[in-house]
Amino acid sequence: MRNQLLFLMILFFGLCCGPIKQTNRPQPEPEVFSEPEEVTALESSGLELKLCSFNIKFVGLYKKKDDAALADILKNYDLVLVQELVSPPTDGQFPDGTSYSADPEAKAFVDAMLTHGFEYRLSEEDTGTNEEIHSNASSTEWFIVFYKADKLDIDDELFTGFLADDRSDHPSFERVPYAFSFQTIDNGVDFTLISVHLKPGSGSADKARRKEELGAIAQWIDKSDSIEKDFIIVGDMNIYTQAELLSLLPAGYNSLNRDCLPTNLASSGKPYDHVMYHMDHTGSELASTFEIVNLMEVMRPYWQEATPYPENDLNLFYQYYSDHKPVVFTLISDGSDDD
């Protein structure tokens with residue numbers, strides 16, 4: 001009796017409700033799992049280093065130089081190459097055995113950088129186009145690099161030093177370039193920065209000289225790259241136009257400032273500063289970013305003199321700060337270094 005009653009109830013509901021109808025409601029699409037997109041250098045999980053190159057006009061000469069302010073705008077970079085250090089910041093001995101003493105202005109700048117956790121490496125002497133060097137004057141300059149030891153170590157297994165033994169009146173260089181070699185602390189990449197300050201001037205002879213200098217650097221690299229391939233040429237190259245840049249780039253090289261954005265403060269700015277690299281060897285280690293710091297604006301908050309901020313007096317601005325803007329680029333250490 002109980003089974004008959006259950007049967008009648010099922011039959012009753014079936015007749016009342018009828019068959020279940022299909023609806024036109026859209027059904028959810030099944031999930032599709034595609035391959036992940038290739039990770040670009042800036043998205044990689046590797047160590048990213050912010051590197052800066054800055055021609056700071058006549059460090060060690062101008063007594064007005066605001067060293068504390070300059071060091072403060074540089075404090076967050078992992079490495080800073082400086083051109084136009086014209087006097088030694090410390091006591092020491094030249095390679096010929098003669099002694100030199102620290103210049104107060106040069107020392108003040110280096111001391112300001114050290115307060116922000118930098119370490120530094122200084123060239124063993126100055127270099128210039130004249131027969132006489134060791135001058136503590138603007139006719140010659142020292143090469144110096146500041147770096148953060150929690151990111152970088154000097155790589156003593158690679159070359160660090162001048163590209164030539166004769167640092168005065170060299171036939172191929174106005175100022176003999178200086179190589180600084182580094183290893184990232186994660187051992188992901190090692191590299192050599194070649195700090196340069198090429199011949200200034202807009203004449204045809206000046207342009208020819210710059211081409212000769214870059215050619216000589218490229219030849220030196222070709223003879224020195226049996227172990228290390230990542231050489232980056234950095235600094236004030238005094239290049240005037242994109243046409244000149246394209247005419248003097250060594251074969252296989254490119255510049256992160258290929259668009260030739262102006263890097264000095266003059267009203268008719270020029271693309272003086274560059275970061276050059278061999279496309280086959282160092283393309284994966286360098287991100288394709290090139291930043292130019294607006295020096296006039298970033299220094300404005302630091303002005304403490306009673307006189308107006310010298311934005312309309314560039315000669316005075318140069319004495320406190322510089323006539324070049326810092327340029328910044330990124331190096332990636334993601335374990336893909338192939339040398």
# chains A, B, ... in the order shown; residues from 1 in each chain; ligands from 1
>>> residues_around(residues="region 305-321 of chain A", least_positions_apart="2", cutoff="6 Å", atoms="only C-alpha atoms", output="count of residues only")
6
>>> select_by_dssp(residues="region 39-278 of chain A", states="strand (DSSP E or B)", output="ChimeraX atom specification")
/A:47-59,79-85,92-93,99-100,118-122,127-128,140-148,152-154,161-162,168,178-184,190-197,231-236,253-255,264,273-278
>>> atom_distance(atom1="CA of Gly60 (chain A)", atom2="CA of Leu81 (chain A)")
15.7 Å
>>> atom_distance(atom1="CA of Leu286 (chain A)", atom2="CA of Gly335 (chain A)")
13.1 Å
>>> residues_around(residues="Pro95 (chain A)", least_positions_apart="5", cutoff="12 Å", atoms="only C-alpha atoms", output="JSON list (two decimals) with N, CA and C atoms, in the first residue's frame")
[["chain", "number", "residue", "atom", "x", "y", "z"],
["A", 100, "TYR", "N", 100.54, 62.72, -3.49],
["A", 100, "TYR", "CA", 99.56, 63.78, -3.68],
["A", 100, "TYR", "C", 98.71, 63.88, -2.42],
["A", 123, "SER", "N", 90.53, 56.10, -9.75],
["A", 123, "SER", "CA", 91.66, 55.81, -10.64],
["A", 123, "SER", "C", 92.96, 56.17, -9.94],
["A", 124, "GLU", "N", 94.04, 55.56, -10.37],
["A", 124, "GLU", "CA", 95.32, 55.74, -9.69],
["A", 124, "GLU", "C", 95.98, 57.07, -9.99],
["A", 125, "GLU", "N", 95.49, 57.77, -10.99],
["A", 125, "GLU", "CA", 95.98, 59.12, -11.27],
["A", 125, "GLU", "C", 94.99, 59.81, -12.20],
["A", 126, "ASP", "N", 95.30, 61.06, -12.55],
["A", 126, "ASP", "CA", 94.45, 61.80, -13.46],
["A", 126, "ASP", "C", 94.95, 61.60, -14.90],
["A", 134, "HIS", "N", 98.75, 65.30, -13.34],
["A", 134, "HIS", "CA", 98.97, 65.52, -11.90],
["A", 134, "HIS", "C", 98.86, 67.01, -11.58],
["A", 165, "ASP", "N", 98.61, 52.68, -20.82],
["A", 165, "ASP", "CA", 99.61, 52.98, -19.79],
["A", 165, "ASP", "C", 99.96, 54.46, -19.75],
["A", 166, "ASP", "N", 99.98, 55.13, -20.90],
["A", 166, "ASP", "CA", 100.34, 56.54, -20.95],
["A", 166, "ASP", "C", 99.07, 57.36, -20.79],
["A", 167, "ARG", "N", 98.93, 58.07, -19.67],
["A", 167, "ARG", "CA", 97.68, 58.80, -19.38],
["A", 167, "ARG", "C", 97.75, 60.27, -19.78]]
>>> residues_around(residues="region 102-110 of chain A", least_positions_apart="4", cutoff="9 Å", atoms="only C-alpha atoms", output="list in words")
Val59, Gly60, Leu61, Tyr62, Lys63, Lys64, Lys65, Asp66, Asp67, Ala68, Leu70, Ala71, Leu85, Val86, Ser87, Pro88, Pro89, Thr90, Asp91, Gly92, Leu114, Thr115, Tyr120, Asn136 and Phe146 of chain A
>>> closest_atom_pairs(of="region 81-168 of chain A", to="region 209-228 of chain A", cutoff="12 Å", atoms="only C-alpha atoms", output="Markdown table")
| residue | atom | partner | partner_atom | distance |
| --- | --- | --- | --- | --- |
| A:Thr129 | CA | A:Arg209 | CA | 11.9 |
| A:Asp155 | CA | A:Glu228 | CA | 11.2 |
| A:Glu157 | CA | A:Ile227 | CA | 9.8 |
| A:Leu158 | CA | A:Glu228 | CA | 7.5 |
| A:Phe159 | CA | A:Ser224 | CA | 8.6 |
| A:Thr160 | CA | A:Ser224 | CA | 11.6 |
| A:Phe162 | CA | A:Trp220 | CA | 11.0 |
| A:Leu163 | CA | A:Trp220 | CA | 7.3 |
| A:Ala164 | CA | A:Trp220 | CA | 9.3 |
>>> write_last_selection(atoms="N, CA and C atoms", output="mmCIF file, in the first residue's frame")
data_model
loop_
_atom_site.group_PDB
_atom_site.id
_atom_site.type_symbol
_atom_site.label_atom_id
_atom_site.label_comp_id
_atom_site.auth_asym_id
_atom_site.auth_seq_id
_atom_site.Cartn_x
_atom_site.Cartn_y
_atom_site.Cartn_z
ATOM 1 N N THR A 129 94.761 65.592 -22.039
ATOM 2 C CA THR A 129 95.313 65.646 -23.380
ATOM 3 C C THR A 129 96.678 66.319 -23.450
ATOM 4 N N ASP A 155 84.955 43.323 -9.110
ATOM 5 C CA ASP A 155 85.375 42.003 -9.582
ATOM 6 C C ASP A 155 86.860 42.048 -9.924
ATOM 7 N N GLU A 157 88.779 39.675 -10.580
ATOM 8 C CA GLU A 157 89.191 38.715 -11.595
ATOM 9 C C GLU A 157 89.085 39.299 -12.998
ATOM 10 N N LEU A 158 88.343 40.379 -13.122
ATOM 11 C CA LEU A 158 88.241 41.083 -14.396
ATOM 12 C C LEU A 158 89.082 42.355 -14.335
ATOM 13 N N PHE A 159 89.245 42.994 -15.470
ATOM 14 C CA PHE A 159 90.144 44.139 -15.554
ATOM 15 C C PHE A 159 89.509 45.380 -14.946
ATOM 16 N N THR A 160 90.259 46.075 -14.110
ATOM 17 C CA THR A 160 89.915 47.410 -13.634
ATOM 18 C C THR A 160 91.148 48.287 -13.792
ATOM 19 N N PHE A 162 93.037 51.888 -16.278
ATOM 20 C CA PHE A 162 93.079 52.668 -17.508
ATOM 21 C C PHE A 162 93.229 51.750 -18.720
ATOM 22 N N LEU A 163 92.719 52.192 -19.849
ATOM 23 C CA LEU A 163 92.828 51.412 -21.075
ATOM 24 C C LEU A 163 94.193 51.550 -21.739
ATOM 25 N N ALA A 164 95.049 52.413 -21.200
ATOM 26 C CA ALA A 164 96.395 52.589 -21.761
ATOM 27 C C ALA A 164 97.336 52.992 -20.642
#
>>> select_by_dssp(residues="region 95-302 of chain A", states="helix (DSSP H, G or I)", output="ChimeraX atom specification")
/A:104-114,204-224,242-248,279-282,295-298,300-302
>>> closest_residue(among="A:Val80, A:Ile194, A:Leu331, A:Ile185", to="Ala287 (chain A)", atoms="only C-alpha atoms")
A:Leu331
>>> closest_residue(among="A:Ile133, A:Ala112, A:Leu152, A:Leu198", to="Lys50 (chain A)", atoms="only C-alpha atoms")
A:Leu152
>>> closest_residue(among="A:Met237, A:Leu49, A:Val298, A:Val145", to="Arg175 (chain A)", atoms="only C-alpha atoms")
A:Met237
>>> closest_residue(among="A:His170, A:Lys270, A:Arg258, A:Lys325", to="Ile73 (chain A)", atoms="only C-alpha atoms")
A:Lys325
>>> decode(residues="region 195-220 of chain A", atoms="N, CA and C atoms", output="CSV table (one decimal), in the first residue's frame")
chain,number,residue,atom,x,y,z
A,195,SER,N,84.3,54.2,-18.3
A,195,SER,CA,83.9,55.6,-18.1
A,195,SER,C,84.7,56.5,-19.0
A,196,VAL,N,84.0,57.4,-19.7
A,196,VAL,CA,84.7,58.1,-20.8
A,196,VAL,C,84.3,59.6,-20.7
A,197,HIS,N,85.2,60.4,-21.2
A,197,HIS,CA,84.9,61.8,-21.4
A,197,HIS,C,85.7,62.2,-22.7
A,198,LEU,N,84.9,62.2,-23.8
A,198,LEU,CA,85.5,62.4,-25.1
A,198,LEU,C,85.7,63.9,-25.4
A,199,LYS,N,86.4,64.1,-26.5
A,199,LYS,CA,86.8,65.5,-26.9
A,199,LYS,C,85.5,66.3,-27.2
A,200,PRO,N,85.5,67.5,-26.6
A,200,PRO,CA,84.4,68.5,-26.9
A,200,PRO,C,84.6,69.2,-28.2
A,201,GLY,N,83.6,69.9,-28.6
A,201,GLY,CA,83.8,70.8,-29.8
A,201,GLY,C,82.9,70.3,-31.0
A,202,SER,N,82.4,71.3,-31.8
A,202,SER,CA,81.5,71.1,-32.9
A,202,SER,C,82.2,71.0,-34.2
A,203,GLY,N,83.5,71.2,-34.3
A,203,GLY,CA,84.2,71.2,-35.6
A,203,GLY,C,84.4,69.8,-36.1
A,204,SER,N,84.7,69.7,-37.4
A,204,SER,CA,84.9,68.5,-38.1
A,204,SER,C,86.1,67.7,-37.4
A,205,ALA,N,87.1,68.4,-37.0
A,205,ALA,CA,88.3,67.7,-36.4
A,205,ALA,C,87.9,67.1,-35.0
A,206,ASP,N,87.0,67.9,-34.3
A,206,ASP,CA,86.5,67.4,-33.0
A,206,ASP,C,85.7,66.1,-33.2
A,207,LYS,N,84.8,66.1,-34.2
A,207,LYS,CA,84.0,64.9,-34.5
A,207,LYS,C,84.9,63.7,-34.9
A,208,ALA,N,85.9,64.0,-35.7
A,208,ALA,CA,86.8,62.9,-36.1
A,208,ALA,C,87.5,62.3,-34.9
A,209,ARG,N,87.9,63.2,-34.0
A,209,ARG,CA,88.6,62.8,-32.8
A,209,ARG,C,87.7,61.9,-32.0
A,210,ARG,N,86.5,62.2,-31.8
A,210,ARG,CA,85.5,61.4,-31.0
A,210,ARG,C,85.3,60.0,-31.7
A,211,LYS,N,85.3,60.0,-33.0
A,211,LYS,CA,85.1,58.7,-33.7
A,211,LYS,C,86.4,57.9,-33.5
A,212,GLU,N,87.5,58.5,-33.5
A,212,GLU,CA,88.8,57.8,-33.3
A,212,GLU,C,88.8,57.2,-31.8
A,213,GLU,N,88.4,58.0,-30.9
A,213,GLU,CA,88.4,57.6,-29.5
A,213,GLU,C,87.5,56.3,-29.3
A,214,LEU,N,86.2,56.4,-29.8
A,214,LEU,CA,85.3,55.3,-29.7
A,214,LEU,C,85.8,54.1,-30.4
A,215,GLY,N,86.5,54.3,-31.6
A,215,GLY,CA,87.0,53.2,-32.3
A,215,GLY,C,88.1,52.5,-31.6
A,216,ALA,N,89.0,53.3,-30.9
A,216,ALA,CA,90.1,52.8,-30.1
A,216,ALA,C,89.5,52.0,-28.9
A,217,ILE,N,88.4,52.4,-28.3
A,217,ILE,CA,87.8,51.7,-27.2
A,217,ILE,C,87.3,50.4,-27.7
A,218,ALA,N,86.6,50.4,-28.8
A,218,ALA,CA,86.0,49.1,-29.4
A,218,ALA,C,87.2,48.1,-29.7
A,219,GLN,N,88.3,48.6,-30.2
A,219,GLN,CA,89.4,47.8,-30.5
A,219,GLN,C,90.0,47.2,-29.2
A,220,TRP,N,90.1,48.0,-28.1
A,220,TRP,CA,90.5,47.5,-26.8
A,220,TRP,C,89.6,46.4,-26.3
